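Peer 1: Data file query00.txt (compact mmCIF, C-alpha atoms) is appended below.
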```txt
# COMPACT_ATOMS: atom_id res chain seq x y z
CA MET X 14 -34.32 -23.64 -34.60
CA THR X 15 -35.39 -24.79 -38.04
CA TYR X 16 -36.37 -28.43 -38.27
CA THR X 17 -36.84 -30.57 -41.35
CA THR X 18 -37.50 -34.28 -41.42
CA THR X 19 -37.46 -37.08 -43.92
CA ILE X 20 -40.04 -39.54 -42.72
CA ASP X 21 -41.19 -42.72 -44.32
CA SER X 22 -42.82 -45.62 -42.55
CA MET X 23 -40.04 -45.82 -39.98
CA PRO X 24 -40.94 -45.65 -36.31
CA SER X 25 -40.60 -42.03 -35.38
CA ARG X 26 -41.65 -39.56 -32.72
CA HIS X 27 -43.65 -37.92 -35.49
CA ASP X 28 -46.04 -40.88 -35.43
CA ASN X 29 -47.94 -39.49 -32.50
CA PRO X 30 -48.34 -35.81 -31.53
CA PHE X 31 -49.14 -36.81 -27.95
CA ALA X 32 -45.89 -38.70 -27.32
CA THR X 33 -43.91 -37.59 -24.27
CA CYS X 34 -41.30 -35.83 -26.38
CA TRP X 35 -43.96 -33.33 -27.50
CA THR X 36 -45.89 -33.00 -24.26
CA ARG X 37 -43.31 -33.05 -21.47
CA PRO X 38 -42.64 -29.82 -19.52
CA GLY X 39 -40.38 -27.64 -21.57
CA ALA X 40 -41.34 -29.20 -24.90
CA LEU X 41 -44.89 -28.00 -24.44
CA PRO X 42 -44.89 -24.29 -23.64
CA PHE X 43 -46.91 -23.09 -20.70
CA HIS X 44 -50.13 -21.38 -21.74
CA PHE X 45 -50.89 -18.38 -19.59
CA ALA X 46 -54.43 -17.22 -18.98
CA ASP X 47 -55.52 -14.11 -20.86
CA GLY X 48 -53.50 -11.08 -19.84
CA GLU X 49 -50.98 -13.06 -17.80
CA SER X 50 -47.33 -13.56 -18.63
CA ILE X 51 -44.09 -14.82 -17.15
CA GLU X 52 -43.06 -11.22 -16.46
CA GLN X 53 -46.22 -10.62 -14.43
CA LEU X 54 -45.59 -13.77 -12.50
CA ILE X 55 -42.05 -12.68 -11.65
CA THR X 56 -43.32 -9.25 -10.63
CA LYS X 57 -45.81 -10.92 -8.29
CA LEU X 58 -43.09 -13.18 -6.93
CA CYS X 59 -40.93 -10.12 -6.26
CA GLY X 60 -43.84 -8.54 -4.37
CA GLN X 61 -43.98 -11.63 -2.18
CA ARG X 62 -40.27 -11.39 -1.35
CA TRP X 63 -39.58 -14.23 -3.78
CA TRP X 64 -41.68 -16.74 -1.96
CA GLY X 65 -44.64 -18.41 -3.58
CA GLU X 66 -46.48 -21.59 -4.29
CA ILE X 67 -48.02 -22.86 -7.48
CA THR X 68 -51.03 -25.01 -6.77
CA GLY X 69 -53.06 -27.24 -9.03
CA THR X 70 -54.29 -30.79 -9.39
CA HIS X 71 -52.30 -33.60 -11.04
CA GLY X 72 -51.40 -32.73 -14.61
CA SER X 73 -52.61 -29.14 -14.41
CA GLY X 74 -49.30 -27.68 -15.66
CA LYS X 75 -47.30 -26.96 -12.50
CA SER X 76 -44.09 -28.52 -13.78
CA THR X 77 -44.63 -26.99 -17.21
CA LEU X 78 -44.93 -23.58 -15.59
CA LEU X 79 -41.73 -24.21 -13.63
CA ALA X 80 -39.98 -25.14 -16.88
CA ALA X 81 -40.93 -21.69 -18.17
CA LEU X 82 -40.23 -19.88 -14.91
CA ILE X 83 -36.74 -21.22 -14.21
CA PRO X 84 -35.04 -19.81 -17.34
CA ALA X 85 -36.74 -16.46 -16.70
CA LEU X 86 -35.46 -16.40 -13.11
CA VAL X 87 -31.96 -17.35 -14.23
CA ALA X 88 -32.10 -14.60 -16.84
CA ALA X 89 -33.10 -12.18 -14.06
CA GLY X 90 -29.92 -13.06 -12.19
CA TRP X 91 -31.17 -15.68 -9.75
CA ARG X 92 -29.12 -18.73 -8.99
CA VAL X 93 -31.78 -21.39 -8.99
CA GLN X 94 -31.58 -24.75 -7.24
CA ALA X 95 -34.49 -26.98 -8.21
CA VAL X 96 -35.58 -30.41 -7.11
CA THR X 97 -38.50 -32.60 -8.20
CA LEU X 98 -39.89 -34.93 -5.57
CA ARG X 99 -41.48 -38.23 -6.45
CA LYS X 100 -44.55 -39.69 -4.82
CA GLY X 101 -43.82 -40.71 -1.26
CA GLN X 102 -40.52 -38.83 -1.07
CA ARG X 103 -40.84 -37.39 2.43
CA ARG X 104 -37.46 -35.70 2.64
CA LEU X 105 -35.27 -33.63 0.40
CA PRO X 106 -32.40 -35.37 -1.40
CA ASP X 107 -29.13 -35.45 0.54
CA GLU X 108 -27.43 -33.11 -1.91
CA PHE X 109 -30.18 -30.55 -1.51
CA GLN X 110 -30.11 -30.88 2.28
CA GLU X 111 -26.36 -30.45 2.24
CA GLN X 112 -26.78 -27.14 0.52
CA LEU X 113 -29.32 -26.07 3.11
CA ARG X 114 -26.92 -27.01 5.93
CA ASN X 115 -24.09 -25.11 4.29
CA ARG X 116 -25.74 -21.74 4.70
CA HIS X 117 -22.98 -20.49 6.94
CA SER X 118 -20.36 -21.25 4.32
CA GLY X 119 -22.09 -18.83 2.07
CA TYR X 120 -23.89 -21.15 -0.31
CA LEU X 121 -27.37 -20.31 0.81
CA GLY X 122 -26.29 -16.97 2.09
CA ALA X 123 -25.23 -15.79 -1.33
CA SER X 124 -27.45 -13.12 -2.81
CA LEU X 125 -30.08 -13.97 -5.39
CA ARG X 126 -30.37 -17.59 -4.35
CA LEU X 127 -33.72 -19.23 -5.01
CA PHE X 128 -34.86 -22.75 -4.22
CA ILE X 129 -37.57 -24.55 -6.12
CA VAL X 130 -39.30 -27.67 -4.88
CA ASP X 131 -41.65 -29.41 -7.32
CA GLY X 132 -43.99 -31.63 -5.32
CA TYR X 133 -43.64 -29.81 -1.99
CA GLU X 134 -46.67 -31.59 -0.50
CA GLN X 135 -44.69 -34.84 -0.54
CA LEU X 136 -42.38 -33.55 2.20
CA SER X 137 -43.08 -34.28 5.83
CA ARG X 138 -44.08 -31.36 8.03
CA PHE X 139 -40.65 -31.42 9.61
CA ALA X 140 -38.86 -31.35 6.24
CA ARG X 141 -41.02 -28.41 5.15
CA TRP X 142 -40.29 -26.56 8.36
CA ARG X 143 -36.54 -27.10 7.96
CA LEU X 144 -36.64 -25.95 4.37
CA THR X 145 -38.62 -22.77 5.02
CA ARG X 146 -36.54 -21.91 8.07
CA ALA X 147 -33.27 -22.34 6.17
CA CYS X 148 -34.49 -20.21 3.28
CA ARG X 149 -35.87 -17.53 5.60
CA ARG X 150 -32.68 -17.31 7.62
CA ALA X 151 -30.57 -16.99 4.51
CA GLY X 152 -32.90 -14.57 2.76
CA ALA X 153 -33.25 -16.99 -0.12
CA GLY X 154 -36.27 -17.24 -2.39
CA LEU X 155 -38.51 -20.28 -2.32
CA VAL X 156 -40.98 -21.42 -4.97
CA VAL X 157 -42.89 -24.65 -4.56
CA THR X 158 -45.58 -26.57 -6.39
CA SER X 159 -48.28 -28.41 -4.57
CA HIS X 160 -51.63 -30.03 -5.19
CA ALA X 161 -53.22 -27.97 -2.42
CA PRO X 162 -52.34 -24.77 -0.50
CA THR X 163 -49.62 -25.36 2.08
CA GLY X 164 -49.49 -21.99 3.75
CA LEU X 165 -46.92 -20.28 1.54
CA PRO X 166 -47.97 -17.13 -0.35
CA GLU X 167 -49.95 -18.11 -3.42
CA LEU X 168 -48.25 -17.36 -6.70
CA VAL X 169 -50.77 -18.91 -9.04
CA ARG X 170 -53.50 -21.51 -8.91
CA LEU X 171 -53.83 -23.62 -12.04
CA ALA X 172 -57.10 -25.04 -13.33
CA PRO X 173 -56.95 -25.58 -17.10
CA ASP X 174 -60.38 -25.41 -18.75
CA GLY X 175 -61.74 -27.05 -21.90
CA ARG X 176 -60.78 -24.10 -24.09
CA LEU X 177 -57.15 -24.34 -23.03
CA VAL X 178 -57.08 -28.08 -23.64
CA GLN X 179 -58.49 -27.51 -27.14
CA GLN X 180 -55.77 -24.96 -27.80
CA ILE X 181 -52.98 -27.27 -26.60
CA VAL X 182 -54.26 -30.14 -28.73
CA ARG X 183 -54.57 -27.84 -31.74
CA GLU X 184 -50.95 -26.75 -31.33
CA LEU X 185 -49.68 -30.30 -30.92
CA CYS X 186 -51.56 -31.44 -34.01
CA ALA X 187 -50.19 -28.51 -35.98
CA GLN X 188 -46.61 -29.67 -35.55
CA VAL X 189 -47.30 -33.39 -35.91
CA SER X 190 -50.27 -34.14 -38.11
CA ALA X 191 -53.17 -35.95 -36.46
CA SER X 192 -56.89 -35.83 -36.72
CA VAL X 193 -58.59 -35.36 -33.39
CA ALA X 194 -62.28 -34.57 -33.14
CA THR X 195 -63.41 -31.85 -30.76
CA ALA X 196 -65.86 -34.36 -29.30
CA ASP X 197 -62.97 -36.64 -28.32
CA ILE X 198 -61.21 -33.83 -26.52
CA ASP X 199 -64.42 -32.79 -24.76
CA ALA X 200 -65.10 -36.37 -23.71
CA SER X 201 -61.60 -36.76 -22.32
CA HIS X 202 -61.82 -33.40 -20.56
CA ALA X 203 -65.15 -34.38 -19.02
CA CYS X 204 -63.51 -37.56 -17.75
CA HIS X 205 -60.23 -36.11 -16.48
CA GLY X 206 -61.14 -32.51 -15.62
CA SER X 207 -58.08 -30.30 -15.25
CA ASN X 208 -55.63 -33.16 -15.60
CA VAL X 209 -54.19 -32.23 -18.99
CA ARG X 210 -51.53 -34.93 -18.67
CA GLU X 211 -54.20 -37.64 -18.53
CA ILE X 212 -56.15 -36.04 -21.37
CA LEU X 213 -53.07 -36.07 -23.57
CA PHE X 214 -52.36 -39.66 -22.57
CA ASP X 215 -55.93 -40.57 -23.59
CA LEU X 216 -55.42 -38.91 -26.94
CA TYR X 217 -52.08 -40.70 -27.37
CA GLU X 218 -53.85 -44.03 -26.89
CA ARG X 219 -56.63 -43.11 -29.25
CA HIS X 220 -54.23 -41.96 -31.94
CA GLU X 221 -52.16 -45.16 -31.66
CA ARG X 222 -55.29 -47.31 -31.98
CA LEU X 223 -56.41 -45.43 -35.07
CA ARG X 224 -52.95 -45.56 -36.60
CA ARG X 225 -52.74 -49.31 -36.14
CA ALA X 226 -56.29 -49.88 -37.32
CA ALA X 227 -55.48 -47.95 -40.49
CA ARG X 228 -52.64 -50.39 -41.15
CA THR X 229 -54.78 -53.50 -40.70
CA PRO X 230 -56.35 -53.83 -44.20
CA ALA X 231 -52.94 -53.78 -45.88
CA CYS X 232 -51.64 -56.39 -43.48
CA ALA X 233 -54.67 -58.64 -43.75
CA GLY X 234 -53.79 -59.60 -47.28
CA ALA X 235 -50.09 -60.04 -46.60
CA MET P 22 -32.60 -16.85 -45.51
CA THR P 23 -31.66 -20.36 -44.42
CA PRO P 24 -30.96 -22.63 -47.41
CA SER P 25 -32.55 -26.06 -47.46
CA VAL P 26 -30.53 -29.00 -46.24
CA ARG P 27 -30.47 -32.30 -48.12
CA LEU P 28 -29.68 -35.34 -46.02
CA SER P 29 -30.08 -38.68 -47.73
CA LEU P 30 -29.26 -42.34 -47.23
CA ASP P 31 -27.89 -44.40 -50.09
CA ALA P 32 -30.28 -47.31 -49.48
CA PRO P 33 -33.58 -46.24 -51.08
CA THR P 34 -35.64 -48.41 -48.71
CA ALA P 35 -33.80 -47.10 -45.63
CA GLN P 36 -34.00 -50.62 -44.20
CA TYR P 37 -30.87 -52.09 -42.64
CA GLN P 38 -29.85 -55.15 -40.69
CA SER P 39 -27.37 -55.34 -37.82
CA GLY P 40 -23.83 -55.20 -39.14
CA ASP P 41 -24.90 -53.46 -42.35
CA ARG P 42 -22.93 -50.47 -43.48
CA LEU P 43 -25.08 -47.36 -43.50
CA THR P 44 -23.92 -44.73 -45.95
CA GLY P 45 -25.30 -41.43 -47.13
CA ARG P 46 -24.51 -37.83 -47.83
CA TYR P 47 -25.58 -34.31 -47.02
CA LEU P 48 -25.31 -30.92 -48.60
CA ILE P 49 -27.04 -27.57 -48.61
CA ASP P 50 -29.07 -26.40 -51.56
CA SER P 51 -27.79 -22.94 -52.23
CA MET P 52 -26.17 -20.97 -55.01
CA GLN P 53 -24.49 -18.70 -52.51
CA PRO P 54 -21.99 -19.89 -49.90
CA TRP P 55 -23.58 -20.26 -46.47
CA THR P 56 -21.12 -19.71 -43.68
CA VAL P 57 -21.45 -22.46 -41.12
CA ARG P 58 -19.35 -22.66 -37.96
CA ALA P 59 -19.76 -26.38 -37.64
CA ALA P 60 -21.78 -29.35 -38.80
CA GLU P 61 -22.51 -32.31 -36.56
CA LEU P 62 -23.77 -35.61 -37.87
CA SER P 63 -25.04 -38.31 -35.55
CA VAL P 64 -26.42 -41.76 -36.14
CA LEU P 65 -28.57 -42.38 -33.12
CA TRP P 66 -31.55 -44.14 -31.67
CA TYR P 67 -34.18 -42.75 -29.35
CA THR P 68 -37.37 -43.97 -27.79
CA ALA P 69 -40.69 -42.24 -28.28
CA GLY P 70 -44.06 -42.98 -26.82
CA ALA P 71 -46.10 -42.54 -23.72
CA GLY P 72 -43.36 -43.03 -21.14
CA GLU P 73 -39.92 -41.77 -20.29
CA GLU P 74 -37.48 -41.18 -23.09
CA ASP P 75 -34.08 -42.64 -23.78
CA MET P 76 -31.50 -42.17 -26.49
CA ALA P 77 -27.93 -42.98 -27.42
CA VAL P 78 -25.58 -41.89 -30.15
CA HIS P 79 -23.98 -44.71 -32.15
CA HIS P 80 -21.84 -42.62 -34.49
CA PHE P 81 -20.83 -38.97 -34.35
CA GLU P 82 -18.74 -36.76 -36.53
CA ARG P 83 -18.17 -33.02 -36.46
CA VAL P 84 -16.63 -30.80 -39.06
CA VAL P 85 -15.74 -27.19 -38.34
CA ASP P 86 -15.09 -24.18 -40.43
CA ASP P 87 -11.40 -23.40 -40.49
CA PRO P 88 -9.60 -20.57 -42.29
CA ALA P 89 -7.19 -23.15 -43.63
CA ARG P 90 -10.02 -25.47 -44.69
CA PRO P 91 -13.24 -23.49 -45.20
CA LEU P 92 -16.39 -25.50 -44.74
CA ASP P 93 -18.44 -25.38 -47.92
CA LEU P 94 -21.49 -27.55 -47.50
CA ARG P 95 -22.61 -27.00 -51.08
CA VAL P 96 -20.15 -29.78 -51.80
CA PRO P 97 -21.74 -33.08 -50.77
CA ARG P 98 -20.16 -34.71 -47.74
CA ARG P 99 -20.42 -38.44 -47.27
CA PHE P 100 -20.79 -40.40 -44.06
CA ALA P 101 -20.65 -44.10 -43.22
CA THR P 102 -20.95 -46.33 -40.22
CA VAL P 103 -21.50 -50.01 -39.44
CA LEU P 104 -24.77 -50.50 -37.60
CA PRO P 105 -24.81 -52.27 -34.23
CA ALA P 106 -26.62 -55.42 -33.16
CA SER P 107 -29.18 -53.55 -31.09
CA PRO P 108 -31.52 -51.94 -30.28
CA LEU P 109 -33.64 -52.87 -33.25
CA SER P 110 -36.31 -50.54 -34.58
CA TYR P 111 -39.65 -51.23 -32.99
CA ASP P 112 -43.04 -49.66 -33.52
CA GLY P 113 -44.80 -50.52 -30.30
CA HIS P 114 -48.01 -49.13 -28.89
CA ILE P 115 -46.44 -47.74 -25.73
CA VAL P 116 -42.87 -47.32 -26.87
CA LYS P 117 -41.13 -47.05 -30.22
CA VAL P 118 -37.42 -47.47 -30.85
CA CYS P 119 -36.49 -45.08 -33.62
CA TRP P 120 -33.24 -44.81 -35.53
CA CYS P 121 -32.21 -41.78 -37.51
CA VAL P 122 -29.34 -39.82 -38.93
CA ARG P 123 -29.42 -36.32 -37.50
CA LEU P 124 -27.55 -33.40 -38.94
CA ARG P 125 -27.12 -30.18 -36.98
CA LEU P 126 -25.76 -27.11 -38.67
CA PHE P 127 -24.51 -24.15 -36.67
CA PRO P 128 -24.44 -21.06 -38.88
CA GLN P 129 -22.22 -18.08 -38.16
CA GLN P 130 -25.39 -16.09 -37.64
CA GLY P 131 -28.90 -17.18 -36.90
CA GLN P 132 -30.47 -20.27 -35.51
CA GLU P 133 -29.26 -23.83 -35.57
CA THR P 134 -30.73 -25.99 -38.33
CA VAL P 135 -31.55 -29.66 -37.85
CA ALA P 136 -32.35 -32.27 -40.47
CA GLU P 137 -33.17 -35.92 -39.89
CA ALA P 138 -33.38 -39.03 -42.03
CA ALA P 139 -35.14 -41.94 -40.36
CA PHE P 140 -34.25 -45.54 -41.09
CA ARG P 141 -35.20 -48.97 -39.83
CA LEU P 142 -32.73 -51.32 -38.18
CA GLY P 143 -33.73 -54.98 -38.18
CA SER P 144 -37.10 -56.53 -38.87
CA VAL P 145 -38.80 -56.86 -35.54
CA SER P 146 -42.40 -58.00 -35.65
CA VAL P 147 -44.85 -55.16 -35.32
CA PRO P 148 -48.08 -55.63 -33.40
CA VAL P 149 -51.01 -54.45 -35.51
CA ALA P 150 -54.72 -54.29 -34.77
CA HIS P 151 -56.58 -57.25 -36.25
CA GLY P 152 -60.24 -57.50 -35.39
CA GLN P 153 -60.59 -57.39 -31.63
CA GLY P 154 -57.09 -58.59 -30.90
CA LEU P 155 -53.57 -58.18 -32.16
CA ARG P 156 -51.47 -60.19 -34.54
CA LEU P 157 -47.83 -59.94 -35.43
CA GLU P 158 -46.63 -58.66 -38.75
CA THR P 159 -43.10 -59.75 -39.63
CA ARG P 160 -41.10 -57.57 -41.91
CA GLU P 161 -38.91 -59.27 -44.49
CA PRO P 162 -35.23 -58.37 -44.31
CA HIS P 163 -34.16 -56.53 -47.41
CA SER P 164 -31.75 -58.33 -49.67
```
Now, as a test, write the supplied structure out as structure tokens.

Peer 2:
Amino acid sequence: MTYTTTIDSMPSRHDNPFATCWTRPGALPFHFADGESIEQLITKLCGQRWWGEITGTHGSGKSTLLAALIPALVAAGWRVQAVTLRKGQRRLPDEFQEQLRNRHSGYLGASLRLFIVDGYEQLSRFARWRLTRACRRAGAGLVVTSHAPTGLPELVRLAPDGRLVQQIVRELCAQVSASVATADIDASHACHGSNVREILFDLYERHERLRRAARTPACAGA
Amino acid sequence: MTPSVRLSLDAPTAQYQSGDRLTGRYLIDSMQPWTVRAAELSVLWYTAGAGEEDMAVHHFERVVDDPARPLDLRVPRRFATVLPASPLSYDGHIVKVCWCVRLRLFPQQGQETVAEAAFRLGSVSVPVAHGQGLRLETREPHS
């Protein structure tokens, strides 16, 4: 898609390269480690009978990876049912559970059916057991994300390093102009570790402060 | 090659108040005809910032290529709408309310092209850094 903009001093998403619209999963492409790709990930998933878990700390890119993985799975012929669980959500949504219960009517039993649960660790042990049993019985695939291993076959473990963070920031600043010093990125990375989401939030704050400070002299005389 | 798209508002300042009539035009800059299946123009607002996003379309119009009425976007097309009472443009630290006219062109072949023209609705005070604290800057409504 080609994109052109006419921007003046109007409030705009182009004011800050670290705004959610640029950094949310899907908008920000997933950056694979050297030599890895979505195809390799799908091959590995196939080798694990379409079961796997993506582990990583908060903000390490699990949801971003899912945003890249889901279209690839759909393109490969899978019918994907995905759910994102919020903090403290101990059970699957009713609609999702209904689909699990309906396995005998052919919903789950259909071929090439794959379930994705983002935030699997939020579920109670019983909810996890029900989910894995239903998927196993129906021969459906299951991909989950979690902050720590939960016993499912590991698909990938995410731990973004400083080099990756630098690359992501460079790409964001290339599409929406901003000046960010390497030292600022390093400082934020040292503070937040692998939590890229928090690092980008830090940089958002910093950019907003600078942008407003730059406006102050003109306003002071107004 | 995709020709350039010109989307412009008639008001040179691009500042409007609620109830104002927003007008403008769009065209493509090309000597050769560029076959477009459809063109969609929206006047919309969206939020941008550090949190969740929201948006709504205030005005929408779509023109399609038709054998009886071929769509030639080299000829300027005008648009107009009366702006609503809210939400007003706002340039906040955490959230911004942004208004724009967005034009989407769907060519017969190739990728969709999008052009935007931002404008300001209202004159909401903008918090700006001033020393250690913040002060409010009020924008004057345009005449």

Peer 1: Would you compute an axis-aligned box for region 130-137 of chain P, covering every atom listed for it in the file with 3 Å of margin on each side, and report centre and edge lengths in Å to one decimal as lines of an AutoDock Vina configuration file?

Peer 2:
```
center_x = -29.3
center_y = -26.0
center_z = -38.0
size_x = 13.8
size_y = 25.8
size_z = 11.0
```

Peer 1: Quick one: distance from CA of Trp63 (chain X) to CA of Glu134 (chain X) in Å, one decimal?

Peer 2: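 One can read the CA of Trp63 (chain X) to CA of Glu134 (chain X) distance as 19.0 Å.
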
Peer 1: Could you please select, counting all atoms listed in the file, the residues of chain P within 8 Å of chain X and state them as a compact mmCIF listing (two decimals) with C-alpha atoms, keeping the file's coordinate frame?

Peer 2:
```txt
# COMPACT_ATOMS: atom_id res chain seq x y z
CA THR P 68 -37.37 -43.97 -27.79
CA ALA P 69 -40.69 -42.24 -28.28
CA GLY P 70 -44.06 -42.98 -26.82
CA ALA P 71 -46.10 -42.54 -23.72
CA GLY P 72 -43.36 -43.03 -21.14
CA GLU P 73 -39.92 -41.77 -20.29
CA GLU P 74 -37.48 -41.18 -23.09
CA SER P 110 -36.31 -50.54 -34.58
CA TYR P 111 -39.65 -51.23 -32.99
CA ASP P 112 -43.04 -49.66 -33.52
CA HIS P 114 -48.01 -49.13 -28.89
CA LYS P 117 -41.13 -47.05 -30.22
CA VAL P 118 -37.42 -47.47 -30.85
CA CYS P 119 -36.49 -45.08 -33.62
CA TRP P 120 -33.24 -44.81 -35.53
CA GLN P 132 -30.47 -20.27 -35.51
CA GLU P 133 -29.26 -23.83 -35.57
CA THR P 134 -30.73 -25.99 -38.33
CA VAL P 135 -31.55 -29.66 -37.85
CA ALA P 136 -32.35 -32.27 -40.47
CA GLU P 137 -33.17 -35.92 -39.89
CA ALA P 138 -33.38 -39.03 -42.03
CA ALA P 139 -35.14 -41.94 -40.36
CA PHE P 140 -34.25 -45.54 -41.09
CA ARG P 141 -35.20 -48.97 -39.83
CA VAL P 149 -51.01 -54.45 -35.51
CA ALA P 150 -54.72 -54.29 -34.77
CA HIS P 151 -56.58 -57.25 -36.25
CA GLU P 158 -46.63 -58.66 -38.75
```

Peer 1: Identify, on the basis of only C-alpha atoms, every residue whose closest approach to Asp197 (chain X) does not exceed 10 Å; exclude the query and any residue fewer than 3 positions from it along the same chain; express the result as an MDAnalysis selection string.

Peer 2: chainID X and resid 193:194 200:203 212 215:216 219

Peer 1: For the atom pair CA of Phe128 (chain X) and CA of Leu155 (chain X), what is the interatomic distance in Å to one decimal place?

Peer 2: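 Value for the CA of Phe128 (chain X)-CA of Leu155 (chain X) distance: 4.8 Å.
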
Peer 1: Which distance in Å separates CA of Thr23 (chain P) and CA of Pro38 (chain X), to one decimal?

Peer 2: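 So the two atoms, CA of Thr23 (chain P) and CA of Pro38 (chain X), lie 28.8 Å apart.
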
Peer 1: Using all atoms listed in the file for the distances, tell me which of P:Ser144, P:Thr102, P:Gln36, P:Ser107 is nearest to Ser63 (chain P).

Peer 2: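 Distance minimum relative to Ser63 (chain P) lands on P:Thr102.
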
Peer 1: Of the candidates P:Ser29, P:Asp50, P:Val84, P:Met76, which one gets nearest to Arg125 (chain P) if we count all atoms listed in the file?

Peer 2: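 Of P:Ser29, P:Asp50, P:Val84, P:Met76, the one nearest Arg125 (chain P) is P:Val84, counting all atoms listed in the file.
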
Peer 1: My list of candidates is P:Leu65, P:Leu92, P:Leu43, P:Ala77. Which is closest to Gln129 (chain P) when distances are computed with only C-alpha atoms?

Peer 2: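 Smallest separation from Gln129 (chain P) among the options: P:Leu92.
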
Peer 1: For region 93-99 of chain X, work out the shell of residues within 7 Å, counting all atoms listed in the file and skipping chain neighbours fewer than 3 positions away, then give it as a list in words.

Peer 2: Val87, Gln102, Arg126, Leu127, Phe128, Ile129, Val130, Asp131, Gly132 and Gln135 of chain X

Peer 1: Can you write out the residues you just picked, keeping C-alpha atoms, as a JSON list (two decimals), in the coordinates of the input?

Peer 2:
```
[["chain", "number", "residue", "atom", "x", "y", "z"],
["X", 87, "VAL", "CA", -31.96, -17.35, -14.23],
["X", 102, "GLN", "CA", -40.52, -38.83, -1.07],
["X", 126, "ARG", "CA", -30.37, -17.59, -4.35],
["X", 127, "LEU", "CA", -33.72, -19.23, -5.01],
["X", 128, "PHE", "CA", -34.86, -22.75, -4.22],
["X", 129, "ILE", "CA", -37.57, -24.55, -6.12],
["X", 130, "VAL", "CA", -39.30, -27.67, -4.88],
["X", 131, "ASP", "CA", -41.65, -29.41, -7.32],
["X", 132, "GLY", "CA", -43.99, -31.63, -5.32],
["X", 135, "GLN", "CA", -44.69, -34.84, -0.54]]
```

Peer 1: As a list in words, please: the residues near Ser137 (chain X) (cut-off 10 Å, all atoms listed in the file, same-chain neighbours under 4 positions excluded).

Peer 2: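 Counting all atoms listed in the file, the residues come to Gly101, Gln102, Arg103, Arg104, Leu105, Tyr133, Arg141, Trp142 and Arg143 of chain X.
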
Peer 1: Within 9 Å of Val103 (chain P), counting all atoms listed in the file, which residues show up once you throw out same-chain ones fewer than 3 positions away? Write them as a count of residues only, please.

Peer 2: 7

Peer 1: Report as a list in words all protein, DNA and RNA residues lying within 7 Å of Ser51 (chain P), evaluated on all atoms listed in the file, omitting residues in the same chain fewer than 3 positions from it.

Peer 2: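 Near Ser51 (chain P), the qualifying residues are Pro24, Pro54 and Arg95 of chain P.
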
Peer 1: Select, counting all atoms listed in the file, all protein, DNA and RNA residues no farther than 10 Å from (-57.4, -30.2, -17.6) in file coordinates, and express the selection as a VMD selection string.

Peer 2: chain X and resid 70 to 74 171 to 179 201 to 213

Peer 1: Find, counting only C-alpha atoms, the residue in X:Leu136, X:Trp91, X:Leu58, X:Lys75 that gets nearest to Phe45 (chain X).

Peer 2: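 Closest residue, counting only C-alpha atoms: X:Lys75.
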